[in-house]
file run09.cif (mmCIF, C-alpha atoms and all ligand atoms)
data_input
#
loop_
_atom_site.label_atom_id
_atom_site.label_comp_id
_atom_site.auth_asym_id
_atom_site.auth_seq_id
_atom_site.Cartn_x
_atom_site.Cartn_y
_atom_site.Cartn_z
CA MET A 2 30.36 11.23 13.06
CA LYS A 3 29.19 14.76 12.36
CA VAL A 4 26.81 15.20 9.45
CA ALA A 5 26.72 18.42 7.45
CA ASP A 6 25.06 21.40 9.14
CA ARG A 7 22.53 21.70 6.37
CA ILE A 8 21.09 18.25 7.04
CA ALA A 9 21.54 18.30 10.82
CA GLN A 10 18.76 20.90 11.07
CA VAL A 11 16.26 18.83 9.06
CA PRO A 12 14.06 16.17 10.69
CA ALA A 13 12.86 13.11 8.79
CA SER A 14 9.51 13.51 7.02
CA MET A 15 6.94 12.65 9.69
CA THR A 16 4.36 11.47 7.14
CA LEU A 17 6.80 8.88 5.87
CA VAL A 18 7.99 7.97 9.39
CA ILE A 19 4.44 7.30 10.52
CA ALA A 20 3.58 5.31 7.41
CA ALA A 21 6.70 3.18 7.97
CA GLN A 22 5.87 2.73 11.65
CA ALA A 23 2.34 1.55 10.82
CA LYS A 24 3.71 -0.87 8.21
CA ALA A 25 6.27 -2.26 10.65
CA MET A 26 3.60 -2.80 13.32
CA LYS A 27 1.42 -4.58 10.76
CA ALA A 28 4.36 -6.79 9.82
CA GLU A 29 4.65 -7.74 13.51
CA GLY A 30 1.08 -8.98 13.31
CA LEU A 31 -0.61 -5.97 14.91
CA ASP A 32 -3.92 -4.84 13.48
CA VAL A 33 -2.90 -1.25 12.72
CA LEU A 34 -5.15 1.10 10.79
CA GLY A 35 -3.13 3.60 8.79
CA PHE A 36 -4.46 7.12 8.36
CA GLY A 37 -0.89 8.37 8.01
CA ALA A 38 0.63 9.02 4.61
CA GLY A 39 -1.55 10.40 1.87
CA GLU A 40 -1.34 7.38 -0.36
CA PRO A 41 -4.35 6.16 -2.35
CA ASP A 42 -4.97 2.46 -1.69
CA PHE A 43 -6.07 1.77 -5.29
CA ASP A 44 -3.84 -0.14 -7.63
CA THR A 45 -2.42 1.87 -10.53
CA PRO A 46 -4.92 1.55 -13.43
CA ASP A 47 -4.18 -1.35 -15.80
CA HIS A 48 -3.71 0.70 -18.97
CA ILE A 49 -0.96 2.70 -17.24
CA LYS A 50 0.82 -0.42 -16.07
CA ALA A 51 0.44 -1.96 -19.55
CA ALA A 52 2.11 1.08 -21.14
CA ALA A 53 5.07 0.82 -18.78
CA LYS A 54 5.37 -2.93 -19.39
CA LYS A 55 5.29 -2.35 -23.15
CA ALA A 56 8.01 0.29 -22.79
CA LEU A 57 10.13 -2.23 -20.86
CA ASP A 58 9.60 -4.86 -23.54
CA GLU A 59 10.54 -2.35 -26.20
CA GLY A 60 13.83 -1.65 -24.48
CA LYS A 61 13.04 1.72 -22.93
CA THR A 62 15.54 0.78 -20.27
CA LYS A 63 18.39 3.17 -20.98
CA TYR A 64 19.36 6.68 -19.95
CA GLY A 65 17.07 9.31 -21.35
CA ALA A 66 17.23 13.09 -21.56
CA ALA A 67 17.72 14.55 -18.07
CA ALA A 68 14.62 16.75 -18.50
CA GLY A 69 12.43 13.79 -19.39
CA GLU A 70 11.19 11.97 -22.50
CA MET A 71 10.05 14.52 -25.06
CA ALA A 72 6.79 12.60 -25.59
CA LEU A 73 5.97 13.02 -21.91
CA ARG A 74 6.92 16.69 -21.83
CA GLU A 75 4.65 17.21 -24.84
CA ALA A 76 1.79 15.36 -23.16
CA ILE A 77 2.23 17.43 -19.98
CA ALA A 78 2.30 20.67 -21.97
CA ARG A 79 -0.94 19.66 -23.71
CA LYS A 80 -2.53 18.84 -20.36
CA LEU A 81 -1.50 22.16 -18.85
CA ASN A 82 -2.84 24.05 -21.86
CA GLU A 83 -6.13 22.17 -22.04
CA ASP A 84 -6.98 21.46 -18.39
CA ASN A 85 -5.42 24.47 -16.72
CA GLN A 86 -5.28 27.16 -19.42
CA LEU A 87 -1.53 27.53 -18.96
CA PRO A 88 0.23 28.17 -22.28
CA TYR A 89 3.39 26.14 -21.61
CA GLN A 90 5.57 24.57 -24.30
CA PRO A 91 7.31 21.21 -23.73
CA GLU A 92 10.58 23.13 -23.14
CA ASN A 93 9.00 24.73 -20.09
CA ILE A 94 8.64 21.34 -18.41
CA LEU A 95 11.03 19.26 -16.35
CA VAL A 96 10.02 15.70 -15.44
CA THR A 97 11.10 14.90 -11.88
CA ASN A 98 11.14 12.04 -9.39
CA GLY A 99 7.72 12.90 -8.04
CA GLY A 100 6.12 16.22 -7.17
CA LYS A 101 8.31 16.47 -4.07
CA HIS A 102 11.47 16.40 -6.17
CA SER A 103 10.14 19.11 -8.48
CA LEU A 104 9.87 21.48 -5.53
CA TYR A 105 13.23 20.42 -4.16
CA ASN A 106 14.86 21.17 -7.53
CA LEU A 107 13.13 24.53 -7.67
CA MET A 108 14.38 25.60 -4.25
CA GLN A 109 17.92 24.41 -5.00
CA ALA A 110 18.00 26.15 -8.35
CA MET A 111 16.42 29.46 -7.38
CA VAL A 112 16.85 30.22 -3.67
CA ASN A 113 19.96 32.04 -2.45
CA PRO A 114 21.05 32.08 1.19
CA GLY A 115 18.79 34.47 3.09
CA ASP A 116 16.02 34.49 0.48
CA GLU A 117 12.59 34.29 2.07
CA VAL A 118 9.83 31.91 1.05
CA ILE A 119 6.31 32.64 2.29
CA ILE A 120 4.48 29.49 3.34
CA PRO A 121 0.93 29.62 4.73
CA ALA A 122 0.64 27.36 7.79
CA PRO A 123 -0.61 24.67 8.19
CA TYR A 124 1.66 23.58 5.35
CA TRP A 125 2.83 20.37 3.79
CA LEU A 126 5.73 19.43 5.99
CA SER A 127 8.44 19.27 3.34
CA TYR A 128 8.12 22.89 2.17
CA PRO A 129 10.03 24.56 5.01
CA GLU A 130 12.69 21.86 5.04
CA MET A 131 13.32 22.22 1.31
CA VAL A 132 13.68 25.96 1.75
CA LYS A 133 16.15 25.48 4.61
CA LEU A 134 18.13 22.92 2.63
CA ALA A 135 18.59 25.60 -0.03
CA GLY A 136 19.81 28.10 2.57
CA GLY A 137 16.56 30.06 2.44
CA VAL A 138 14.34 31.29 5.23
CA PRO A 139 10.82 29.87 5.51
CA VAL A 140 8.40 32.65 6.49
CA LEU A 141 5.45 30.87 8.03
CA VAL A 142 2.15 32.72 8.03
CA GLN A 143 -0.25 31.18 10.53
CA THR A 144 -3.82 30.71 9.40
CA ASP A 145 -6.65 29.25 11.45
CA LEU A 146 -10.25 28.14 11.34
CA SER A 147 -11.48 31.74 11.34
CA SER A 148 -10.22 32.18 7.77
CA ASP A 149 -10.89 28.55 6.88
CA PHE A 150 -7.12 27.90 7.07
CA LYS A 151 -6.51 30.20 4.10
CA ILE A 152 -4.00 33.03 3.92
CA THR A 153 -5.72 36.38 3.42
CA PRO A 154 -4.47 39.07 1.02
CA ASP A 155 -3.64 41.24 4.07
CA GLN A 156 -1.58 38.52 5.70
CA LEU A 157 0.25 37.97 2.43
CA ARG A 158 0.93 41.70 2.00
CA GLN A 159 2.37 41.89 5.51
CA ALA A 160 4.65 38.91 4.97
CA LEU A 161 6.19 40.23 1.73
CA THR A 162 9.60 41.88 2.06
CA PRO A 163 12.33 42.83 -0.42
CA ARG A 164 13.92 39.43 0.40
CA THR A 165 10.85 37.42 -0.60
CA LYS A 166 11.68 35.04 -3.40
CA PHE A 167 8.66 32.75 -3.49
CA PHE A 168 5.12 32.46 -2.25
CA ILE A 169 3.92 28.85 -2.06
CA LEU A 170 0.24 28.26 -2.79
CA ASN A 171 -1.14 24.75 -2.32
CA SER A 172 -4.76 24.35 -3.31
CA PRO A 173 -6.38 21.90 -2.68
CA SER A 174 -4.26 21.91 0.41
CA ASN A 175 -2.39 19.26 2.31
CA PRO A 176 -3.02 18.95 5.30
CA THR A 177 -6.32 20.86 5.59
CA GLY A 178 -8.03 19.92 2.31
CA VAL A 179 -9.20 23.51 1.82
CA VAL A 180 -9.59 24.83 -1.70
CA TYR A 181 -9.14 28.52 -2.49
CA THR A 182 -12.02 29.90 -4.55
CA PRO A 183 -11.23 31.56 -7.88
CA SER A 184 -11.88 35.00 -6.37
CA GLU A 185 -9.60 34.29 -3.41
CA ILE A 186 -6.83 33.27 -5.80
CA LYS A 187 -7.41 36.40 -7.85
CA ALA A 188 -7.13 38.56 -4.72
CA LEU A 189 -3.83 36.92 -3.77
CA GLY A 190 -2.62 37.37 -7.34
CA GLU A 191 -3.34 41.08 -7.19
CA VAL A 192 -1.14 41.44 -4.10
CA LEU A 193 1.63 39.36 -5.65
CA LEU A 194 1.67 41.43 -8.83
CA GLN A 195 2.57 44.51 -6.81
CA HIS A 196 5.81 42.86 -5.68
CA ASP A 197 8.85 41.33 -7.29
CA VAL A 198 8.08 37.78 -6.22
CA TRP A 199 7.72 34.37 -7.83
CA ILE A 200 4.77 32.09 -7.21
CA VAL A 201 4.90 28.35 -6.65
CA SER A 202 1.57 26.66 -7.25
CA ASP A 203 1.55 23.11 -5.93
CA GLU A 204 -1.37 21.51 -7.76
CA ILE A 205 -0.82 17.86 -6.90
CA TYR A 206 -4.41 17.49 -5.59
CA GLU A 207 -6.03 19.44 -8.45
CA LYS A 208 -8.35 16.61 -9.50
CA ILE A 209 -9.53 15.69 -6.01
CA LEU A 210 -12.39 18.11 -5.46
CA TYR A 211 -15.85 17.74 -3.88
CA ASP A 212 -19.22 19.44 -3.75
CA GLY A 213 -18.65 21.53 -6.87
CA ALA A 214 -15.37 23.09 -5.66
CA GLU A 215 -13.39 24.56 -8.53
CA GLN A 216 -9.64 24.46 -9.01
CA VAL A 217 -8.11 27.49 -10.70
CA SER A 218 -4.44 27.68 -11.52
CA ILE A 219 -3.18 31.12 -10.51
CA GLY A 220 -1.10 31.42 -13.68
CA SER A 221 -4.25 31.15 -15.81
CA LEU A 222 -5.62 34.43 -14.46
CA SER A 223 -3.37 36.76 -16.45
CA ARG A 224 -0.26 36.78 -18.59
CA ASP A 225 1.61 38.64 -15.83
CA LEU A 226 0.79 35.97 -13.28
CA PHE A 227 1.58 33.19 -15.74
CA GLU A 228 5.05 34.60 -16.36
CA ARG A 229 5.99 34.56 -12.71
CA THR A 230 4.47 31.22 -11.74
CA PHE A 231 5.90 27.73 -11.36
CA VAL A 232 3.45 24.83 -11.37
CA SER A 233 4.33 21.64 -9.53
CA ASN A 234 2.30 18.51 -10.13
CA GLY A 235 2.64 14.77 -10.50
CA PHE A 236 0.91 11.47 -11.10
CA ALA A 237 0.93 9.98 -7.58
CA LYS A 238 -2.37 11.23 -6.25
CA SER A 239 -4.59 11.51 -9.34
CA TYR A 240 -3.59 8.17 -10.87
CA SER A 241 -2.55 6.25 -7.76
CA MET A 242 1.09 6.12 -8.83
CA THR A 243 2.83 7.02 -5.58
CA GLY A 244 5.63 4.50 -5.97
CA TRP A 245 6.35 5.34 -9.61
CA ARG A 246 7.94 8.65 -8.67
CA VAL A 247 6.93 10.74 -11.64
CA GLY A 248 6.18 14.42 -11.21
CA TYR A 249 6.97 17.62 -13.02
CA ILE A 250 7.53 21.31 -12.75
CA ALA A 251 6.54 23.88 -15.35
CA GLY A 252 7.84 27.42 -15.44
CA PRO A 253 9.94 30.04 -17.19
CA LEU A 254 12.52 28.56 -19.57
CA GLU A 255 15.65 29.88 -17.89
CA ALA A 256 14.68 28.40 -14.54
CA ILE A 257 13.69 25.06 -16.09
CA LYS A 258 17.09 24.92 -17.78
CA ALA A 259 18.81 25.62 -14.45
CA MET A 260 16.81 22.86 -12.74
CA THR A 261 17.62 20.49 -15.60
CA ARG A 262 21.34 21.18 -15.10
CA LEU A 263 20.92 20.43 -11.41
CA GLN A 264 19.02 17.23 -12.18
CA SER A 265 21.70 16.21 -14.69
CA HIS A 266 24.16 16.11 -11.77
CA SER A 267 21.86 14.50 -9.23
CA THR A 268 19.25 11.98 -10.37
CA SER A 269 19.50 12.30 -14.20
CA ASN A 270 16.29 11.26 -15.92
CA VAL A 271 13.30 9.77 -14.15
CA CYS A 272 13.01 5.99 -14.68
CA THR A 273 12.51 5.77 -18.44
CA PHE A 274 9.76 3.14 -18.65
CA ALA A 275 7.86 4.76 -15.77
CA GLN A 276 7.61 7.88 -17.92
CA TYR A 277 5.74 5.85 -20.55
CA GLY A 278 3.20 4.90 -17.90
CA ALA A 279 2.78 8.59 -17.16
CA ILE A 280 2.13 9.33 -20.85
CA ALA A 281 -0.63 6.70 -20.82
CA ALA A 282 -2.06 8.27 -17.67
CA LEU A 283 -2.43 11.61 -19.42
CA GLU A 284 -3.46 10.36 -22.81
CA GLY A 285 -5.66 7.41 -21.86
CA SER A 286 -9.22 7.44 -20.58
CA GLN A 287 -9.73 9.61 -17.51
CA ASP A 288 -12.49 7.31 -16.19
CA CYS A 289 -10.07 5.92 -13.60
CA VAL A 290 -9.70 9.41 -12.10
CA ALA A 291 -13.48 9.78 -11.85
CA GLU A 292 -13.80 6.34 -10.26
CA MET A 293 -11.20 7.07 -7.61
CA LEU A 294 -12.75 10.44 -6.95
CA ALA A 295 -16.16 8.83 -6.42
CA ALA A 296 -14.59 6.45 -3.89
CA PHE A 297 -12.85 9.34 -2.09
CA ALA A 298 -16.13 11.27 -1.99
CA GLY A 299 -17.85 8.33 -0.28
CA ARG A 300 -15.03 7.98 2.25
CA ARG A 301 -15.06 11.71 2.90
CA ARG A 302 -18.75 11.52 3.76
CA ILE A 303 -18.12 8.60 6.12
CA ILE A 304 -15.17 10.19 7.91
CA LEU A 305 -16.87 13.57 8.32
CA GLU A 306 -20.00 11.96 9.74
CA ALA A 307 -17.97 9.79 12.07
CA ILE A 308 -15.87 12.68 13.33
CA ALA A 309 -18.95 14.84 13.88
CA ALA A 310 -20.25 12.14 16.24
CA ILE A 311 -17.02 11.97 18.27
CA PRO A 312 -16.96 14.26 21.28
CA GLY A 313 -14.06 16.71 21.47
CA LEU A 314 -13.13 16.84 17.79
CA ASP A 315 -13.94 19.92 15.69
CA CYS A 316 -13.39 19.42 12.03
CA PRO A 317 -13.58 21.92 9.18
CA ARG A 318 -15.23 20.58 6.03
CA PRO A 319 -12.55 20.12 3.38
CA ASP A 320 -13.44 20.67 -0.28
CA GLY A 321 -10.49 18.80 -1.73
CA ALA A 322 -7.61 16.32 -1.34
CA PHE A 323 -8.13 13.29 0.93
CA TYR A 324 -7.31 14.70 4.33
CA VAL A 325 -9.28 15.91 7.32
CA PHE A 326 -7.64 18.10 9.90
CA PRO A 327 -9.73 18.04 13.09
CA SER A 328 -8.84 20.16 16.08
CA ILE A 329 -7.94 18.27 19.27
CA ARG A 330 -7.69 21.46 21.33
CA LYS A 331 -10.36 20.25 23.77
CA THR A 332 -8.22 17.29 24.82
CA GLY A 333 -5.50 19.61 26.12
CA MET A 334 -2.84 17.31 24.65
CA THR A 335 -0.04 18.12 22.25
CA SER A 336 -0.63 16.58 18.87
CA GLN A 337 2.44 14.39 19.19
CA ASP A 338 1.39 12.94 22.55
CA PHE A 339 -2.13 12.45 21.27
CA CYS A 340 -0.97 10.53 18.19
CA ALA A 341 1.54 8.43 20.11
CA GLU A 342 -1.08 7.40 22.66
CA LEU A 343 -3.72 6.71 20.01
CA LEU A 344 -1.30 4.47 18.13
CA ALA A 345 -0.08 2.62 21.21
CA SER A 346 -3.48 2.09 22.80
CA HIS A 347 -5.79 1.68 19.79
CA GLN A 348 -3.44 0.97 16.86
CA VAL A 349 -4.65 3.91 14.79
CA ALA A 350 -1.91 5.81 12.96
CA VAL A 351 -2.54 9.51 12.29
CA VAL A 352 -0.11 12.40 11.81
CA PRO A 353 0.38 15.06 14.52
CA GLY A 354 -0.57 18.53 13.35
CA ILE A 355 2.73 19.91 14.68
CA ALA A 356 4.41 18.33 11.67
CA PHE A 357 2.40 20.74 9.54
CA GLY A 358 2.86 23.73 11.84
CA GLU A 359 -0.39 23.40 13.85
CA ASP A 360 -0.13 21.63 17.18
CA SER A 361 -3.84 21.79 18.03
CA ALA A 362 -4.88 19.41 15.26
CA ILE A 363 -4.23 15.99 13.78
CA ARG A 364 -4.28 14.93 10.15
CA LEU A 365 -6.11 11.86 8.94
CA SER A 366 -5.69 10.66 5.38
CA TYR A 367 -8.82 8.84 4.22
CA ALA A 368 -7.13 7.24 1.24
CA LEU A 369 -7.73 3.83 2.80
CA ASP A 370 -10.46 1.23 2.20
CA GLU A 371 -13.92 1.78 3.62
CA SER A 372 -13.97 -1.05 6.14
CA SER A 373 -10.60 0.01 7.64
CA LEU A 374 -11.89 3.56 7.68
CA LEU A 375 -14.98 2.58 9.66
CA LYS A 376 -12.97 0.43 12.06
CA GLY A 377 -10.49 3.26 12.60
CA MET A 378 -13.25 5.73 13.36
CA GLU A 379 -14.77 3.34 15.92
CA ARG A 380 -11.40 3.06 17.63
CA LEU A 381 -10.87 6.81 17.57
CA GLU A 382 -14.27 7.30 19.16
CA ARG A 383 -13.51 4.71 21.84
CA PHE A 384 -10.20 6.42 22.54
CA MET A 385 -11.79 9.84 22.85
CA ARG A 386 -14.64 8.64 25.06
CA SER A 387 -12.51 6.49 27.33
CA ARG A 388 -9.66 8.94 27.66
CA PHE A 389 -11.31 12.37 27.73
CA PHE A 390 -15.08 12.61 27.55
N1 LIG A 401 2.44 13.83 0.44
C1 LIG A 401 1.90 12.71 1.15
C2 LIG A 401 1.55 13.10 2.58
O1 LIG A 401 1.58 14.23 2.94
C3 LIG A 401 2.84 11.53 1.08
C4 LIG A 401 3.99 11.52 2.03
C5 LIG A 401 4.94 12.64 1.80
O2 LIG A 401 5.57 12.65 0.76
O3 LIG A 401 4.95 13.54 2.65
O4 LIG A 401 1.19 12.22 3.32
#

call {"tool": "encode", "arguments": {"input": "run09.cif", "output": "structure tokens"}}
result
Amino acid sequence: MKVADRIAQVPASMTLVIAAQAKAMKAEGLDVLGFGAGEPDFDTPDHIKAAAKKALDEGKTKYGAAAGEMALREAIARKLNEDNQLPYQPENILVTNGGKHSLYNLMQAMVNPGDEVIIPAPYWLSYPEMVKLAGGVPVLVQTDLSSDFKITPDQLRQALTPRTKFFILNSPSNPTGVVYTPSEIKALGEVLLQHDVWIVSDEIYEKILYDGAEQVSIGSLSRDLFERTFVSNGFAKSYSMTGWRVGYIAGPLEAIKAMTRLQSHSTSNVCTFAQYGAIAALEGSQDCVAEMLAAFAGRRRIILEAIAAIPGLDCPRPDGAFYVFPSIRKTGMTSQDFCAELLASHQVAVVPGIAFGEDSAIRLSYALDESSLLKGMERLERFMRSRFF
């Protein structure tokens, strides 16, 4: 059988493959420690689950509007206005099957064959594939430790061409955890305003910040930037709702309408009662977010200390998200070989940096419990000492 060309060129998502592999090994009875997918280990907070259960009991089990329940779109608009200083109306919001789907819809609805999308590398692995699936051309701009894995205004300027459709900004970033400062975002905004280009701001990790790092939404900096920005976000990371599949995209009305038409022919509305859980997430107490953040902060301290004590790993200090992205350059191995050997010999699952466009590093998600985290770090240290140093 020959599958369509458009899908033949796209590999499976390595984050999901590795998570599935770790789960399968665990099911076989192996003691695998999973640092693979970025999935908080906390249960979804009770008040969110209660709201979804209530919605089920009340019969919120039917088709809804393709763009999402109006009550949820209103709650999201309020959140974007209050938390992010983005003056969106509910009509500017499309509720999607997770943050990933919001970006997929955007690329499908807006990218024409040959359109270029600038993506700073390392990048979240689905961005280039989504662009390719829409017939676009991912333009990868390599960043490294010297600029703290951030694209500079000069690099951005050089990458812009008359074919550029989008620039994707992801701060806090997956896989590096770096957070652009407000002045760095402003400097990028100034470059973007000189060109006819749309901005995609993926803000899924906006609430996961450490050591006083500040998250600024690029569209809040000026009316001009606001009018050419799309904001992608969701509930998975902030509220530990990965399996619920509720995300959203906010942006100019015409584009949101186009994405809604697309969604009306593909997935239709997001699971109706799940949307009521999402409303409770936004409108209920935010203490759960603070509690999870405190736990992540503790784990971040542990993992950074542990990695600093392991010979051969150099790790930048991330200010956000729940990933570390240490360099394995000193081992001389490719990231894929490194990860395969680590998993086979020490049952520690991590994601090869090549999946994110950087072969000299590996990504570890520290969204797992503290005792597994400590055990995993011991094994990683044993692996490094026995194999290389
Ligand atoms: N976004 C998370 C990650 O990078 C979850 C898996 C995925 O959707 O890629 O691990």

call {"tool": "atom_distance", "arguments": {"input": "run09.cif", "atom1": "atom CA of A:Glu207", "atom2": "atom CA of A:Val96"}}
result
17.9 Å

call {"tool": "residues_near_ligand", "arguments": {"input": "run09.cif", "ligand": "ligand LIG 401 (chain A)", "cutoff": "6 Å", "atoms": "all atoms listed in the file", "output": "PyMOL selection string"}}
result
chain A and resi 16-17+38-39

call {"tool": "closest_atom_pairs", "arguments": {"input": "run09.cif", "of": "stretch 344-367 of chain A", "to": "stretch 376-386 of chain A", "cutoff": "12 Å", "atoms": "only C-alpha atoms", "output": "CSV"}}
result
residue,atom,partner,partner_atom,distance
A:Leu344,CA,A:Leu381,CA,9.9
A:Ala345,CA,A:Phe384,CA,10.9
A:Ser346,CA,A:Phe384,CA,8.0
A:His347,CA,A:Arg380,CA,6.2
A:Gln348,CA,A:Arg380,CA,8.3
A:Val349,CA,A:Gly377,CA,6.3
A:Ala350,CA,A:Gly377,CA,9.0
A:Val351,CA,A:Gly377,CA,10.1
A:Ile363,CA,A:Leu381,CA,11.9
A:Leu365,CA,A:Gly377,CA,10.3
A:Ser366,CA,A:Gly377,CA,11.4
A:Tyr367,CA,A:Gly377,CA,10.2

call {"tool": "closest_residue", "arguments": {"input": "run09.cif", "among": "A:Ala66, A:Val201, A:Ala53, A:Ala256", "to": "A:Phe274", "atoms": "all atoms listed in the file"}}
result
A:Ala53

call {"tool": "residues_around", "arguments": {"input": "run09.cif", "residues": "A:Pro163", "least_positions_apart": "3", "cutoff": "12 Å", "atoms": "only C-alpha atoms", "output": "number ranges by chain"}}
result
A: 115-118, 158-160, 166-167, 195-198

call {"tool": "residues_near_point", "arguments": {"input": "run09.cif", "point": "(20.9, 19.5, -6.7)", "cutoff": "8 Å", "atoms": "all atoms listed in the file", "output": "NGL selection string"}}
result
:A and (106 or 109-110 or 263-264 or 266-267)

call {"tool": "residues_around", "arguments": {"input": "run09.cif", "residues": "A:Leu141", "least_positions_apart": "6", "cutoff": "7 Å", "atoms": "all atoms listed in the file", "output": "list in words"}}
result
Ile119, Ile120, Pro121 and Ala122 of chain A

call {"tool": "atom_distance", "arguments": {"input": "run09.cif", "atom1": "atom CA of A:Arg301", "atom2": "atom CA of A:Asp288"}}
result
19.8 Å

call {"tool": "residues_around", "arguments": {"input": "run09.cif", "residues": "A:Cys316", "least_positions_apart": "5", "cutoff": "8 Å", "atoms": "all atoms listed in the file", "output": "CSV table (one decimal) with C-alpha atoms, keeping the file's coordinate frame"}}
result
chain,number,residue,atom,x,y,z
A,305,LEU,CA,-16.9,13.6,8.3
A,308,ILE,CA,-15.9,12.7,13.3
A,309,ALA,CA,-19.0,14.8,13.9
A,325,VAL,CA,-9.3,15.9,7.3
A,326,PHE,CA,-7.6,18.1,9.9
A,327,PRO,CA,-9.7,18.0,13.1
A,328,SER,CA,-8.8,20.2,16.1

call {"tool": "atom_distance", "arguments": {"input": "run09.cif", "atom1": "atom CA of A:Lys54", "atom2": "atom CA of A:Ile205"}}
result
25.0 Å

call {"tool": "residues_around", "arguments": {"input": "run09.cif", "residues": "stretch 125-137 of chain A", "least_positions_apart": "3", "cutoff": "9 Å", "atoms": "all atoms listed in the file", "output": "number ranges by chain"}}
result
A: 7-8, 10-12, 14-16, 101, 104-105, 108-118, 120, 122, 140-141, 169, 171, 174-176, 356-358

call {"tool": "closest_residue", "arguments": {"input": "run09.cif", "among": "A:Glu29, A:Asp6, A:Glu359, A:Asp42", "to": "A:Ser373", "atoms": "all atoms listed in the file"}}
result
A:Asp42

call {"tool": "closest_residue", "arguments": {"input": "run09.cif", "among": "A:Leu161, A:Ala9, A:Leu31, A:Ala322", "to": "A:Lys208", "atoms": "all atoms listed in the file"}}
result
A:Ala322

call {"tool": "residues_around", "arguments": {"input": "run09.cif", "residues": "A:Gly278", "least_positions_apart": "5", "cutoff": "9 Å", "atoms": "only C-alpha atoms", "output": "list in words"}}
result
His48, Ile49, Lys50, Ala51, Ala52, Ala53, Lys54, Ala56, Trp245 and Leu283 of chain A

call {"tool": "residues_near_point", "arguments": {"input": "run09.cif", "point": "(-12.3, 11.4, -2.5)", "cutoff": "10 Å", "atoms": "only C-alpha atoms", "output": "MDAnalysis selection string"}}
result
chainID A and resid 41 208:211 291:302 320:324 367:368
